[in-house]
Amino acid sequence: MPRDLHSRDYYSQKRCKKSSFAFYLAVRELLPVWLLEDMRRMEVFHWEESGRVSAYSASEALLYALVHDHRPYGAHLLTADPRAALAAPGDSFGCCRASAPHLAMAVRYNRVAILRGILHTLRGFPAGERRRYLNRTGCARVEGGKTPVHVACELGRAECLALLLAHGSAPDIADSHGNTPLDTLLCRLSHSPPHSNSPQVCLDNLLLFTPVLRFRLQPVLRAEVTPWRVLLGDRTFDWLTGRTPPPLSVTAMQTAIGCISPEKLPEGLRELPVPQRLQPLDTSLCT
């Protein structure tokens with residue numbers, strides 16, 4: 001490669017890194033939406049691993065908005081061009097373009113407001129496309145093939161989990177290791193401090209949306225009766241191990257939720273006797 005061409009590439013890469021960091025800082029400082037969009041469209045470029053210079057896409061900008069909880073910017077991106085905002089980001093932002101990084105990122109950082117906006121935006125997509133997006137798994141190598149529901153269970157994000165389930169996310173997809181969200185949540189519960197409430201709330205919410213129990217840890221629960229019975233309580237333990245049918249209250253709620261068509265979720269939950277633990281599904285969600 002000629003020396004002058006190599007120097008030009010080095011200068012371009014250095015300049016891209018500088019402008020890219022400036023955009024990152026601008027989002028972190030919660031600067032006005034109009035200024036961020038001017039920067040994204042006119043001034044800011046980043047250097048991709050392939051050696052190509054590229055402007056930030058709306059999808060990549062939404063990831064920054066999620067990281068820094070810039071709610072007005074997230075709302076603008078989702079409103080201005082929903083499909084562009086929820087499209088797969090460039091190769092520099094993830095190793096697997098088939099995943100749904102925005103949902104997983106929202107859960108990981110507990111960005112409930114922007115997550116609610118993403119889920120509301122997805123309701124404008126065709127039903128099949130919406131289901132595929134909600135239930136995409138992460139990269140098998142880096143993220144273990146987890147869905148956003150897995151991530152919510154792993155981190156004990158009770159409100160995020162309730163939002164995902166109410167908008168139609170599947171509760172029982174297995175990750176790359178064959179673990180369903182219930183497996184993930186039981187592992188989290190077994191390693192949580194004694195008085196930690198979030199995993200238990202997650203478990204209650206997950207079970208309401210899981211009419212058929214599918215999980216790998218059932219033989220473990222049957223073999224280690226005492227610790228799991230203490231952890232889960234008699235009624236839940238007997239149900240999960242197949243000793244008794246589900247509690248009548250849970251069966252009634254599952255039946256009622258199952259009668260609501262996916263297109264009417266989560267608004268249809270307003271008409272149900274929603275328990276206190278499912279308050280995230282109430283009126284604030286149905287907007």
# chains A, B, ... in the order shown; residues from 1 in each chain; ligands from 1

$ residues_around --residues "range 134-144 of chain A" --least-positions-apart "2" --cutoff "8 Å" --atoms "only C-alpha atoms" --output "ChimeraX atom specification"
/A:95-96,98-101,103,130-132,146-148,164,168-170,173,175-177

$ write_last_selection --atoms "N, CA and C atoms" --output "tab-separated table (two decimals), in the first residue's frame"
chain	number	residue	atom	x	y	z
A	95	CYS	N	-22.25	-9.14	17.09
A	95	CYS	CA	-21.72	-10.20	16.23
A	95	CYS	C	-22.81	-10.98	15.53
A	96	CYS	N	-24.07	-10.74	15.88
A	96	CYS	CA	-25.15	-11.55	15.32
A	96	CYS	C	-26.30	-10.64	14.91
A	98	ALA	N	-29.01	-11.41	13.62
A	98	ALA	CA	-30.34	-12.01	13.75
A	98	ALA	C	-30.95	-11.78	15.13
A	99	SER	N	-30.19	-11.20	16.06
A	99	SER	CA	-30.70	-11.01	17.41
A	99	SER	C	-31.56	-9.74	17.48
A	100	ALA	N	-32.11	-9.49	18.65
A	100	ALA	CA	-32.91	-8.29	18.89
A	100	ALA	C	-32.20	-7.47	19.96
A	101	PRO	N	-31.13	-6.77	19.60
A	101	PRO	CA	-30.29	-6.14	20.62
A	101	PRO	C	-30.98	-5.02	21.39
A	103	LEU	N	-34.16	-4.81	22.48
A	103	LEU	CA	-34.93	-5.36	23.59
A	103	LEU	C	-34.00	-5.86	24.70
A	130	ARG	N	-43.87	-9.22	14.34
A	130	ARG	CA	-43.74	-8.80	15.73
A	130	ARG	C	-43.32	-9.98	16.62
A	131	ARG	N	-43.96	-11.14	16.41
A	131	ARG	CA	-43.61	-12.32	17.22
A	131	ARG	C	-42.17	-12.73	16.99
A	132	ARG	N	-41.74	-12.70	15.74
A	132	ARG	CA	-40.36	-13.10	15.45
A	132	ARG	C	-39.38	-12.15	16.12
A	146	LYS	N	-29.84	-16.50	24.34
A	146	LYS	CA	-30.92	-16.09	25.24
A	146	LYS	C	-31.88	-15.14	24.54
A	147	THR	N	-33.16	-15.24	24.88
A	147	THR	CA	-34.15	-14.27	24.45
A	147	THR	C	-34.16	-13.12	25.46
A	148	PRO	N	-34.82	-11.99	25.12
A	148	PRO	CA	-34.97	-10.92	26.12
A	148	PRO	C	-35.65	-11.40	27.40
A	164	LEU	N	-42.65	-7.56	28.68
A	164	LEU	CA	-42.38	-8.46	27.56
A	164	LEU	C	-43.48	-9.52	27.43
A	168	GLY	N	-46.64	-10.30	24.40
A	168	GLY	CA	-46.64	-11.48	23.56
A	168	GLY	C	-45.33	-12.23	23.45
A	169	SER	N	-44.32	-11.89	24.25
A	169	SER	CA	-43.08	-12.67	24.21
A	169	SER	C	-43.33	-14.08	24.73
A	170	ALA	N	-42.75	-15.06	24.06
A	170	ALA	CA	-42.92	-16.46	24.46
A	170	ALA	C	-42.19	-16.72	25.77
A	173	ILE	N	-39.15	-20.45	25.37
A	173	ILE	CA	-38.15	-20.76	24.35
A	173	ILE	C	-36.84	-21.14	25.04
A	175	ASP	N	-32.72	-21.62	25.35
A	175	ASP	CA	-31.52	-20.97	24.84
A	175	ASP	C	-30.58	-22.03	24.25
A	176	SER	N	-29.35	-21.64	23.96
A	176	SER	CA	-28.41	-22.56	23.30
A	176	SER	C	-28.07	-23.77	24.16
A	177	HIS	N	-28.28	-23.66	25.47
A	177	HIS	CA	-27.96	-24.76	26.38
A	177	HIS	C	-29.20	-25.57	26.75

$ closest_residue --among "A:Cys153, A:Leu63, A:Leu232, A:Leu161" --to "Pro194 in chain A" --atoms "only C-alpha atoms"
A:Leu232

$ closest_residue --among "A:Ser19, A:Asn110, A:Thr184, A:Gln254" --to "Met42 in chain A" --atoms "only C-alpha atoms"
A:Ser19

$ residues_around --residues "Ser190 in chain A" --least-positions-apart "3" --cutoff "9 Å" --atoms "only C-alpha atoms" --output "list in words"
Leu185, Leu186, Cys187, Pro193, Trp228 and Leu231 of chain A

$ write_last_selection --atoms "all heavy atoms" --output "short mmCIF file (atom, residue, chain, number, x, y, z; two decimals), in the first residue's frame"
data_model
loop_
_atom_site.label_atom_id
_atom_site.label_comp_id
_atom_site.auth_asym_id
_atom_site.auth_seq_id
_atom_site.Cartn_x
_atom_site.Cartn_y
_atom_site.Cartn_z
N LEU A 185 -34.54 -18.56 35.74
CA LEU A 185 -35.08 -17.87 36.91
C LEU A 185 -34.89 -18.71 38.18
O LEU A 185 -34.57 -18.16 39.25
CB LEU A 185 -36.56 -17.56 36.69
CG LEU A 185 -37.24 -16.65 37.70
CD1 LEU A 185 -36.43 -15.38 37.95
CD2 LEU A 185 -38.63 -16.29 37.20
N LEU A 186 -35.05 -20.01 38.09
CA LEU A 186 -34.84 -20.86 39.26
C LEU A 186 -33.37 -20.82 39.70
O LEU A 186 -33.09 -20.81 40.90
CB LEU A 186 -35.27 -22.29 38.95
CG LEU A 186 -36.78 -22.52 38.82
CD1 LEU A 186 -37.06 -23.94 38.32
CD2 LEU A 186 -37.48 -22.28 40.16
N CYS A 187 -32.46 -20.79 38.74
CA CYS A 187 -31.04 -20.66 39.09
C CYS A 187 -30.78 -19.32 39.77
O CYS A 187 -30.05 -19.25 40.77
CB CYS A 187 -30.17 -20.78 37.84
SG CYS A 187 -30.08 -22.45 37.16
N PRO A 193 -30.02 -13.41 47.54
CA PRO A 193 -30.08 -13.24 48.99
C PRO A 193 -31.45 -13.66 49.52
O PRO A 193 -32.46 -13.58 48.80
CB PRO A 193 -29.85 -11.73 49.18
CG PRO A 193 -29.14 -11.30 47.94
CD PRO A 193 -29.66 -12.18 46.84
N TRP A 228 -35.38 -26.86 47.98
CA TRP A 228 -36.27 -26.22 47.01
C TRP A 228 -37.65 -25.97 47.61
O TRP A 228 -38.30 -24.98 47.29
CB TRP A 228 -36.36 -27.08 45.75
CG TRP A 228 -35.17 -26.96 44.86
CD1 TRP A 228 -34.17 -27.88 44.71
CD2 TRP A 228 -34.82 -25.84 44.03
NE1 TRP A 228 -33.23 -27.42 43.82
CE2 TRP A 228 -33.61 -26.18 43.39
CE3 TRP A 228 -35.42 -24.62 43.76
CZ2 TRP A 228 -32.98 -25.30 42.50
CZ3 TRP A 228 -34.80 -23.74 42.87
CH2 TRP A 228 -33.59 -24.09 42.26
N LEU A 231 -37.33 -22.86 49.56
CA LEU A 231 -37.14 -21.70 48.69
C LEU A 231 -38.42 -21.30 47.98
O LEU A 231 -38.75 -20.10 47.89
CB LEU A 231 -36.05 -22.03 47.65
CG LEU A 231 -35.59 -20.89 46.73
CD1 LEU A 231 -34.93 -19.79 47.55
CD2 LEU A 231 -34.62 -21.43 45.69
#

$ select_by_dssp --residues "range 84-255 of chain A" --states "alpha helix (DSSP H)" --output "VMD selection string"
chain A and resid 84 to 85 101 to 108 112 to 122 127 to 134 148 to 155 158 to 166 181 to 190 198 to 208 218 to 223 225 to 232 234 to 240 248 to 255

$ residues_around --residues "Ala58 in chain A" --least-positions-apart "6" --cutoff "8 Å" --atoms "only C-alpha atoms" --output "list in words"
Leu77, Ala84 and Ala85 of chain A

$ atom_distance --atom1 "CA of Pro171 in chain A" --atom2 "CA of Asp204 in chain A"
12.4 Å

$ atom_distance --atom1 "CA of Thr79 in chain A" --atom2 "CA of Ser20 in chain A"
23.8 Å

$ decode --residues "range 166-202 of chain A" --atoms "N, CA and C atoms" --output "compact mmCIF listing (two decimals), in the first residue's frame"
# COMPACT_ATOMS: atom_id res chain seq x y z
N ALA A 166 -46.55 -9.47 28.62
CA ALA A 166 -47.86 -8.89 28.29
C ALA A 166 -47.97 -8.53 26.83
N HIS A 167 -46.84 -8.25 26.17
CA HIS A 167 -46.87 -7.89 24.75
C HIS A 167 -46.65 -9.10 23.84
N GLY A 168 -46.64 -10.30 24.40
CA GLY A 168 -46.64 -11.48 23.56
C GLY A 168 -45.33 -12.23 23.45
N SER A 169 -44.32 -11.89 24.25
CA SER A 169 -43.08 -12.67 24.21
C SER A 169 -43.33 -14.08 24.73
N ALA A 170 -42.75 -15.06 24.06
CA ALA A 170 -42.92 -16.46 24.46
C ALA A 170 -42.19 -16.72 25.77
N PRO A 171 -42.82 -17.44 26.71
CA PRO A 171 -42.20 -17.67 28.02
C PRO A 171 -41.35 -18.92 28.11
N ASP A 172 -41.29 -19.73 27.05
CA ASP A 172 -40.67 -21.05 27.21
C ASP A 172 -39.71 -21.43 26.08
N ILE A 173 -39.15 -20.45 25.37
CA ILE A 173 -38.15 -20.76 24.35
C ILE A 173 -36.84 -21.14 25.04
N ALA A 174 -36.18 -22.18 24.56
CA ALA A 174 -34.92 -22.63 25.15
C ALA A 174 -33.75 -21.86 24.54
N ASP A 175 -32.72 -21.62 25.35
CA ASP A 175 -31.52 -20.97 24.84
C ASP A 175 -30.58 -22.03 24.25
N SER A 176 -29.35 -21.64 23.96
CA SER A 176 -28.41 -22.56 23.30
C SER A 176 -28.07 -23.77 24.16
N HIS A 177 -28.28 -23.66 25.47
CA HIS A 177 -27.96 -24.76 26.38
C HIS A 177 -29.20 -25.57 26.75
N GLY A 178 -30.32 -25.24 26.14
CA GLY A 178 -31.55 -25.97 26.42
C GLY A 178 -32.31 -25.48 27.63
N ASN A 179 -31.90 -24.34 28.19
CA ASN A 179 -32.57 -23.79 29.36
C ASN A 179 -33.69 -22.83 28.96
N THR A 180 -34.85 -23.03 29.53
CA THR A 180 -35.96 -22.10 29.32
C THR A 180 -35.82 -20.94 30.32
N PRO A 181 -36.59 -19.87 30.14
CA PRO A 181 -36.55 -18.79 31.14
C PRO A 181 -36.84 -19.27 32.56
N LEU A 182 -37.69 -20.30 32.71
CA LEU A 182 -37.97 -20.81 34.04
C LEU A 182 -36.72 -21.43 34.66
N ASP A 183 -35.93 -22.15 33.87
CA ASP A 183 -34.66 -22.67 34.36
C ASP A 183 -33.74 -21.54 34.81
N THR A 184 -33.65 -20.52 33.97
CA THR A 184 -32.80 -19.37 34.29
C THR A 184 -33.24 -18.71 35.58
N LEU A 185 -34.54 -18.56 35.74
CA LEU A 185 -35.08 -17.87 36.91
C LEU A 185 -34.89 -18.71 38.18
N LEU A 186 -35.05 -20.01 38.09
CA LEU A 186 -34.84 -20.86 39.26
C LEU A 186 -33.37 -20.82 39.70
N CYS A 187 -32.46 -20.79 38.74
CA CYS A 187 -31.04 -20.66 39.09
C CYS A 187 -30.78 -19.32 39.77
N ARG A 188 -31.39 -18.27 39.24
CA ARG A 188 -31.24 -16.95 39.86
C ARG A 188 -31.81 -16.95 41.28
N LEU A 189 -32.96 -17.57 41.44
CA LEU A 189 -33.63 -17.61 42.74
C LEU A 189 -32.78 -18.35 43.76
N SER A 190 -32.13 -19.44 43.33
CA SER A 190 -31.34 -20.24 44.26
C SER A 190 -30.07 -19.53 44.72
N HIS A 191 -29.63 -18.51 43.96
CA HIS A 191 -28.40 -17.79 44.30
C HIS A 191 -28.67 -16.38 44.82
N SER A 192 -29.93 -16.03 45.02
CA SER A 192 -30.28 -14.69 45.48
C SER A 192 -30.24 -14.61 47.00
N PRO A 193 -30.02 -13.41 47.54
CA PRO A 193 -30.08 -13.24 48.99
C PRO A 193 -31.45 -13.66 49.52
N PRO A 194 -31.54 -14.09 50.77
CA PRO A 194 -32.80 -14.63 51.31
C PRO A 194 -33.99 -13.68 51.19
N HIS A 195 -33.75 -12.38 51.33
CA HIS A 195 -34.86 -11.44 51.35
C HIS A 195 -35.01 -10.68 50.03
N SER A 196 -34.39 -11.18 48.97
CA SER A 196 -34.52 -10.53 47.66
C SER A 196 -35.90 -10.81 47.07
N ASN A 197 -36.61 -9.76 46.72
CA ASN A 197 -37.99 -9.91 46.27
C ASN A 197 -38.13 -10.04 44.76
N SER A 198 -37.22 -9.45 44.00
CA SER A 198 -37.36 -9.39 42.54
C SER A 198 -37.47 -10.76 41.88
N PRO A 199 -36.59 -11.73 42.21
CA PRO A 199 -36.73 -13.04 41.56
C PRO A 199 -38.08 -13.71 41.84
N GLN A 200 -38.60 -13.56 43.06
CA GLN A 200 -39.88 -14.17 43.38
C GLN A 200 -41.01 -13.52 42.59
N VAL A 201 -40.96 -12.20 42.46
CA VAL A 201 -41.97 -11.50 41.65
C VAL A 201 -41.87 -11.94 40.20
N CYS A 202 -40.64 -12.07 39.69
CA CYS A 202 -40.44 -12.57 38.32
C CYS A 202 -41.05 -13.95 38.16
